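Next comes run-v5.txt, a file with compact mmCIF, C-alpha atoms.
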# COMPACT_ATOMS: atom_id res chain seq x y z
CA MET A 1 -17.12 -7.22 -8.93
CA ALA A 2 -15.08 -5.44 -11.60
CA GLU A 3 -16.98 -3.76 -14.41
CA LYS A 4 -14.96 -5.72 -17.00
CA VAL A 5 -16.04 -9.03 -15.41
CA ILE A 6 -19.67 -7.88 -15.46
CA ASP A 7 -19.25 -7.03 -19.15
CA ILE A 8 -17.88 -10.53 -19.85
CA ILE A 9 -20.82 -12.11 -18.01
CA LYS A 10 -23.29 -10.04 -20.03
CA GLU A 11 -21.49 -10.73 -23.32
CA LEU A 12 -21.59 -14.48 -22.70
CA GLY A 13 -25.16 -14.36 -21.36
CA VAL A 14 -24.08 -16.44 -18.37
CA ALA A 15 -26.14 -16.69 -15.19
CA VAL A 16 -24.04 -16.62 -12.00
CA ILE A 17 -25.53 -18.37 -8.99
CA VAL A 18 -23.89 -18.11 -5.57
CA GLY A 19 -24.93 -20.65 -2.96
CA ASP A 20 -23.89 -23.46 -0.65
CA PHE A 21 -22.19 -25.91 -3.03
CA ASP A 22 -19.74 -28.79 -2.57
CA ASN A 23 -17.33 -27.43 -5.21
CA PRO A 24 -15.75 -23.96 -5.32
CA GLY A 25 -17.24 -23.46 -8.76
CA TYR A 26 -18.84 -25.23 -11.69
CA TYR A 27 -19.93 -24.25 -15.18
CA ALA A 28 -23.09 -25.95 -16.47
CA PRO A 29 -23.00 -25.44 -20.25
CA GLU A 30 -26.49 -26.87 -20.80
CA LEU A 31 -27.85 -24.01 -18.65
CA ASN A 32 -25.10 -21.50 -19.48
CA ALA A 33 -24.79 -21.00 -15.73
CA ILE A 34 -21.89 -20.69 -13.31
CA TYR A 35 -22.31 -21.89 -9.73
CA ILE A 36 -19.99 -20.38 -7.10
CA ASP A 37 -19.72 -21.55 -3.50
CA GLU A 38 -20.72 -18.81 -1.06
CA LYS A 39 -17.99 -19.81 1.41
CA LEU A 40 -15.20 -18.43 -0.80
CA ASP A 41 -13.49 -15.20 0.16
CA GLU A 42 -13.51 -12.30 -2.32
CA CYS A 43 -10.18 -13.21 -3.95
CA GLN A 44 -11.13 -16.88 -4.32
CA HIS A 45 -14.59 -15.93 -5.62
CA GLU A 46 -13.05 -13.77 -8.35
CA ALA A 47 -10.50 -16.41 -9.37
CA VAL A 48 -13.12 -19.17 -9.51
CA LEU A 49 -15.54 -16.95 -11.43
CA LEU A 50 -12.85 -16.05 -13.99
CA HIS A 51 -11.88 -19.72 -14.35
CA GLU A 52 -15.50 -20.73 -14.95
CA LEU A 53 -15.95 -17.83 -17.38
CA GLY A 54 -13.00 -19.34 -19.24
CA HIS A 55 -15.00 -22.53 -19.67
CA ALA A 56 -18.03 -20.52 -20.83
CA ALA A 57 -16.00 -18.44 -23.29
CA LYS A 58 -13.83 -21.20 -24.72
CA GLN A 59 -15.69 -24.50 -24.25
CA LYS A 60 -19.44 -23.84 -24.12
CA ASN A 61 -20.41 -26.55 -26.60
CA GLU A 62 -17.67 -29.04 -25.76
CA ILE A 63 -19.05 -30.90 -22.72
CA GLU A 64 -18.75 -34.27 -24.47
CA LEU A 65 -15.09 -33.57 -25.22
CA TYR A 66 -14.53 -32.46 -21.61
CA ASN A 67 -15.93 -35.76 -20.34
CA ALA A 68 -14.31 -37.93 -23.04
CA THR A 69 -10.92 -38.53 -21.43
CA LYS A 70 -8.92 -37.42 -18.43
CA THR A 71 -6.37 -35.87 -20.80
CA MET A 72 -9.00 -33.70 -22.48
CA LYS A 73 -10.43 -32.67 -19.12
CA LEU A 74 -6.97 -31.61 -17.90
CA LYS A 75 -6.32 -29.73 -21.14
CA MET A 76 -9.61 -27.85 -20.85
CA GLU A 77 -9.01 -27.06 -17.17
CA CYS A 78 -5.61 -25.67 -18.14
CA GLU A 79 -7.27 -23.52 -20.82
CA ALA A 80 -9.72 -22.13 -18.25
CA ASN A 81 -6.81 -21.39 -15.88
CA ARG A 82 -5.04 -19.58 -18.73
CA TYR A 83 -8.15 -17.43 -19.27
CA MET A 84 -8.25 -16.52 -15.57
CA ILE A 85 -4.53 -15.80 -15.29
CA SER A 86 -4.52 -13.73 -18.48
CA TYR A 87 -7.28 -11.51 -17.07
CA LEU A 88 -5.50 -11.15 -13.72
CA PHE A 89 -2.17 -10.34 -15.40
CA HIS A 90 -3.71 -7.70 -17.65
CA ARG A 91 -5.30 -6.07 -14.60
CA TYR A 92 -2.01 -6.31 -12.67
CA ILE A 93 -0.11 -4.51 -15.45
CA LYS A 94 -2.80 -1.85 -15.71
CA TYR A 95 -2.79 -1.31 -11.94
CA THR A 96 0.98 -1.36 -11.32
CA GLY A 97 2.14 0.24 -14.57
CA GLU A 98 5.03 -2.23 -14.67
CA GLU A 99 6.57 -3.37 -17.91
CA PRO A 100 5.40 -6.98 -18.38
CA CYS A 101 8.98 -8.21 -18.86
CA ARG A 102 9.95 -6.73 -15.46
CA VAL A 103 7.18 -8.39 -13.47
CA ASP A 104 8.33 -10.74 -10.72
CA TYR A 105 6.10 -13.62 -11.77
CA LEU A 106 6.34 -15.34 -8.38
CA GLU A 107 5.17 -12.17 -6.64
CA PHE A 108 2.32 -11.85 -9.15
CA MET A 109 1.37 -15.47 -8.42
CA ARG A 110 1.54 -14.89 -4.66
CA GLN A 111 -0.60 -11.75 -4.80
CA ASN A 112 -3.23 -13.52 -6.91
CA ASP A 113 -3.11 -16.85 -5.05
CA ILE A 114 -2.12 -18.73 -8.21
CA PRO A 115 -0.79 -22.23 -7.42
CA LEU A 116 2.71 -23.26 -8.50
CA ARG A 117 1.24 -25.87 -10.85
CA ASP A 118 0.28 -22.92 -13.09
CA GLU A 119 3.78 -21.39 -13.11
CA ASN A 120 4.38 -22.26 -16.77
CA ILE A 121 1.08 -20.68 -17.80
CA VAL A 122 2.08 -17.47 -16.01
CA LYS A 123 5.49 -17.46 -17.72
CA GLU A 124 3.88 -17.99 -21.14
CA ILE A 125 1.36 -15.19 -20.60
CA ILE A 126 4.12 -12.80 -19.56
CA ALA A 127 6.28 -13.79 -22.55
CA ASP A 128 3.37 -13.33 -24.98
CA TYR A 129 2.12 -10.06 -23.47
Using the file provided, produce a representation of the structure as structure tokens.
Amino acid sequence: MAEKVIDIIKELGVAVIVGDFDNPGYYAPELNAIYIDEKLDECQHEAVLLHELGHAAKQKNEIELYNATKTMKLKMECEANRYMISYLFHRYIKYTGEEPCRVDYLEFMRQNDIPLRDENIVKEIIADY
């Protein structure tokens, strides 16, 4: 696990539990704990962990809002995806040395296993970088 991710976990005071779960990942705000399914490969594990850290960082005390409506749930899931993708993009730029405006966003998405449904988030992150 990257040192930066460990720093985020420590900063948020989140417990990370890996085990045999039905979902790839889940953030339990009442326990400030993230549950990650042990069957995920390393890339999936990192993406799920970053997504759930997005919930912990941005929505810790908003569980009622998350459960209020489907629209709010989708909005908050999108926000957690943005958190994950932003981290991955920053690391990609640091690793490749590419200018953000020259990044082939589809290649970035492919390398990081980001689904096409998040294409607009990727484009926005690149534009705002």
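For the residues A:Cys43, A:Ala56, A:Leu88, A:Ala80, ranking by smallest atom-to-atom distance to Lys4 in chain A using only C-alpha atoms places A:Leu88 first.
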Inset, instruction - Using all atoms listed in the file, determine which residues lie at most 12 Å from range 110-114 of chain A, disregarding the query and same-chain residues fewer than 6 positions distant; provide the list as a list of chain:residue names. - result: A:Asp41, A:Glu42, A:Cys43, A:Gln44, A:His45, A:Glu46, A:Ala47, A:Val48, A:His51, A:Asn81, A:Arg82, A:Met84, A:Ile85, A:Ser86, A:Tyr87, A:Leu88, A:Phe89, A:Arg91, A:Tyr92, A:Asp104, A:Asn120, A:Ile121, A:Val122
For the residues in that selection, give me C-alpha atoms as a short mmCIF file (atom, residue, chain, number, x, y, z; two decimals), in the frame of the given file.
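Just written: again22.cif:
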data_model
loop_
_atom_site.label_atom_id
_atom_site.label_comp_id
_atom_site.auth_asym_id
_atom_site.auth_seq_id
_atom_site.Cartn_x
_atom_site.Cartn_y
_atom_site.Cartn_z
CA ASP A 41 -13.49 -15.20 0.16
CA GLU A 42 -13.51 -12.30 -2.32
CA CYS A 43 -10.18 -13.21 -3.95
CA GLN A 44 -11.13 -16.88 -4.32
CA HIS A 45 -14.59 -15.93 -5.62
CA GLU A 46 -13.05 -13.77 -8.35
CA ALA A 47 -10.50 -16.41 -9.37
CA VAL A 48 -13.12 -19.17 -9.51
CA HIS A 51 -11.88 -19.72 -14.35
CA ASN A 81 -6.81 -21.39 -15.88
CA ARG A 82 -5.04 -19.58 -18.73
CA MET A 84 -8.25 -16.52 -15.57
CA ILE A 85 -4.53 -15.80 -15.29
CA SER A 86 -4.52 -13.73 -18.48
CA TYR A 87 -7.28 -11.51 -17.07
CA LEU A 88 -5.50 -11.15 -13.72
CA PHE A 89 -2.17 -10.34 -15.40
CA ARG A 91 -5.30 -6.07 -14.60
CA TYR A 92 -2.01 -6.31 -12.67
CA ASP A 104 8.33 -10.74 -10.72
CA ASN A 120 4.38 -22.26 -16.77
CA ILE A 121 1.08 -20.68 -17.80
CA VAL A 122 2.08 -17.47 -16.01
#
Legend entry - Selected residue of minimal separation from Ile93 in chain A among A:Ala57, A:Ile6, A:Ile125, A:Ile36, counting only C-alpha atoms: A:Ile125
Legend entry - Gap from CA of Pro100 in chain A to CA of Leu50 in chain A - Å, one decimal: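 Here the two named atoms are 20.8 Å from each other.
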Residue contacts of range 63-74 of chain A (12 Å, only C-alpha atoms) excluding same-chain residues fewer than 4 positions away, as a PDB file with C-alpha atoms, in the coordinates of the input:
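As a result, result-v3.pdb now contains:
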ATOM      1  CA  TYR A  27     -19.930 -24.250 -15.180  1.00  0.00           C
ATOM      2  CA  ALA A  28     -23.090 -25.950 -16.470  1.00  0.00           C
ATOM      3  CA  PRO A  29     -23.000 -25.440 -20.250  1.00  0.00           C
ATOM      4  CA  GLU A  30     -26.490 -26.870 -20.800  1.00  0.00           C
ATOM      5  CA  LEU A  31     -27.850 -24.010 -18.650  1.00  0.00           C
ATOM      6  CA  ASN A  32     -25.100 -21.500 -19.480  1.00  0.00           C
ATOM      7  CA  HIS A  55     -15.000 -22.530 -19.670  1.00  0.00           C
ATOM      8  CA  ALA A  56     -18.030 -20.520 -20.830  1.00  0.00           C
ATOM      9  CA  LYS A  58     -13.830 -21.200 -24.720  1.00  0.00           C
ATOM     10  CA  GLN A  59     -15.690 -24.500 -24.250  1.00  0.00           C
ATOM     11  CA  CYS A  78      -5.610 -25.670 -18.140  1.00  0.00           C
ATOM     12  CA  GLU A  79      -7.270 -23.520 -20.820  1.00  0.00           C
ATOM     13  CA  ALA A  80      -9.720 -22.130 -18.250  1.00  0.00           C
ATOM     14  CA  ASN A  81      -6.810 -21.390 -15.880  1.00  0.00           C
TER      15      ASN A  81
END
Legend entry - One-decimal distance in Å that lies between CA of Ile34 in chain A and CA of Lys10 in chain A: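 If I compute the distance from CA of Lys10 in chain A to CA of Ile34 in chain A, I get 12.7 Å.
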Inset, instruction - Take CA of Phe21 in chain A and CA of Ile8 in chain A and report the distance between them in Å, one decimal. - result: 23.2 Å
Inset, instruction - Choose the residue, out of A:Cys101, A:Leu53, A:Asp128, A:Glu107, that has the smallest atom-to-atom separation from Asp7 in chain A; count all atoms listed in the file. - result: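 The answer is A:Leu53, which sits nearest to Asp7 in chain A.
Distances from A:Leu40, A:Ile126, A:Val103, A:Leu116 to Asn23 in chain A were compared using all atoms listed in the file, and the smallest one belongs to A:Leu40.
Restricting the calculation to all atoms listed in the file, the smallest distance between Leu12 in chain A and any of A:Tyr35, A:Glu77, A:Gly54, A:Tyr26 is found for A:Gly54.
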Inset, instruction - Go through A:Glu3, A:Glu62, A:Glu38, A:Glu124 one by one, measure the shortest atom-to-atom distance of each to Asp20 in chain A using only C-alpha atoms, and give the residue with the smallest value. - result: A:Glu38
Complete the atoms of range 40-70 of chain A to N, CA and C atoms and put them out as a CSV table (one decimal), in the coordinates of the input.
chain,number,residue,atom,x,y,z
A,40,LEU,N,-16.5,-19.0,-0.3
A,40,LEU,CA,-15.2,-18.4,-0.8
A,40,LEU,C,-15.0,-17.0,-0.4
A,41,ASP,N,-13.7,-16.6,-0.1
A,41,ASP,CA,-13.5,-15.2,0.2
A,41,ASP,C,-13.5,-14.4,-1.2
A,42,GLU,N,-13.4,-13.1,-1.1
A,42,GLU,CA,-13.5,-12.3,-2.3
A,42,GLU,C,-12.5,-12.7,-3.4
A,43,CYS,N,-11.2,-12.9,-3.0
A,43,CYS,CA,-10.2,-13.2,-4.0
A,43,CYS,C,-10.5,-14.6,-4.6
A,44,GLN,N,-10.8,-15.6,-3.8
A,44,GLN,CA,-11.1,-16.9,-4.3
A,44,GLN,C,-12.4,-16.8,-5.2
A,45,HIS,N,-13.4,-16.1,-4.8
A,45,HIS,CA,-14.6,-15.9,-5.6
A,45,HIS,C,-14.2,-15.4,-7.0
A,46,GLU,N,-13.4,-14.3,-7.1
A,46,GLU,CA,-13.0,-13.8,-8.4
A,46,GLU,C,-12.3,-14.8,-9.2
A,47,ALA,N,-11.3,-15.5,-8.6
A,47,ALA,CA,-10.5,-16.4,-9.4
A,47,ALA,C,-11.4,-17.5,-9.9
A,48,VAL,N,-12.2,-18.1,-9.1
A,48,VAL,CA,-13.1,-19.2,-9.5
A,48,VAL,C,-14.1,-18.7,-10.6
A,49,LEU,N,-14.6,-17.5,-10.4
A,49,LEU,CA,-15.5,-17.0,-11.4
A,49,LEU,C,-14.8,-16.8,-12.8
A,50,LEU,N,-13.6,-16.2,-12.8
A,50,LEU,CA,-12.8,-16.0,-14.0
A,50,LEU,C,-12.5,-17.4,-14.6
A,51,HIS,N,-12.2,-18.4,-13.8
A,51,HIS,CA,-11.9,-19.7,-14.4
A,51,HIS,C,-13.1,-20.3,-15.0
A,52,GLU,N,-14.3,-20.2,-14.4
A,52,GLU,CA,-15.5,-20.7,-15.0
A,52,GLU,C,-15.9,-19.9,-16.2
A,53,LEU,N,-15.7,-18.6,-16.2
A,53,LEU,CA,-16.0,-17.8,-17.4
A,53,LEU,C,-15.1,-18.3,-18.5
A,54,GLY,N,-13.9,-18.8,-18.2
A,54,GLY,CA,-13.0,-19.3,-19.2
A,54,GLY,C,-13.6,-20.5,-19.9
A,55,HIS,N,-14.3,-21.4,-19.1
A,55,HIS,CA,-15.0,-22.5,-19.7
A,55,HIS,C,-16.1,-22.0,-20.6
A,56,ALA,N,-16.9,-21.0,-20.1
A,56,ALA,CA,-18.0,-20.5,-20.8
A,56,ALA,C,-17.6,-19.9,-22.1
A,57,ALA,N,-16.5,-19.2,-22.1
A,57,ALA,CA,-16.0,-18.4,-23.3
A,57,ALA,C,-15.4,-19.4,-24.3
A,58,LYS,N,-14.6,-20.4,-23.8
A,58,LYS,CA,-13.8,-21.2,-24.7
A,58,LYS,C,-14.4,-22.6,-25.0
A,59,GLN,N,-15.3,-23.1,-24.1
A,59,GLN,CA,-15.7,-24.5,-24.2
A,59,GLN,C,-17.2,-24.7,-24.1
A,60,LYS,N,-18.0,-23.8,-24.4
A,60,LYS,CA,-19.4,-23.8,-24.1
A,60,LYS,C,-20.1,-25.1,-24.7
A,61,ASN,N,-19.8,-25.4,-25.9
A,61,ASN,CA,-20.4,-26.6,-26.6
A,61,ASN,C,-19.5,-27.8,-26.7
A,62,GLU,N,-18.6,-27.9,-25.7
A,62,GLU,CA,-17.7,-29.0,-25.8
A,62,GLU,C,-17.7,-29.9,-24.5
A,63,ILE,N,-18.9,-30.1,-23.9
A,63,ILE,CA,-19.0,-30.9,-22.7
A,63,ILE,C,-18.7,-32.4,-23.0
A,64,GLU,N,-19.1,-32.9,-24.2
A,64,GLU,CA,-18.8,-34.3,-24.5
A,64,GLU,C,-17.2,-34.5,-24.5
A,65,LEU,N,-16.6,-33.5,-25.1
A,65,LEU,CA,-15.1,-33.6,-25.2
A,65,LEU,C,-14.5,-33.5,-23.8
A,66,TYR,N,-15.0,-32.6,-23.0
A,66,TYR,CA,-14.5,-32.5,-21.6
A,66,TYR,C,-14.6,-33.8,-20.8
A,67,ASN,N,-15.7,-34.5,-21.1
A,67,ASN,CA,-15.9,-35.8,-20.3
A,67,ASN,C,-15.3,-37.0,-21.0
A,68,ALA,N,-14.8,-36.8,-22.2
A,68,ALA,CA,-14.3,-37.9,-23.0
A,68,ALA,C,-13.1,-38.7,-22.4
A,69,THR,N,-12.1,-37.9,-22.0
A,69,THR,CA,-10.9,-38.5,-21.4
A,69,THR,C,-10.4,-37.6,-20.3
A,70,LYS,N,-9.6,-38.2,-19.5
A,70,LYS,CA,-8.9,-37.4,-18.4
A,70,LYS,C,-8.0,-36.4,-19.0
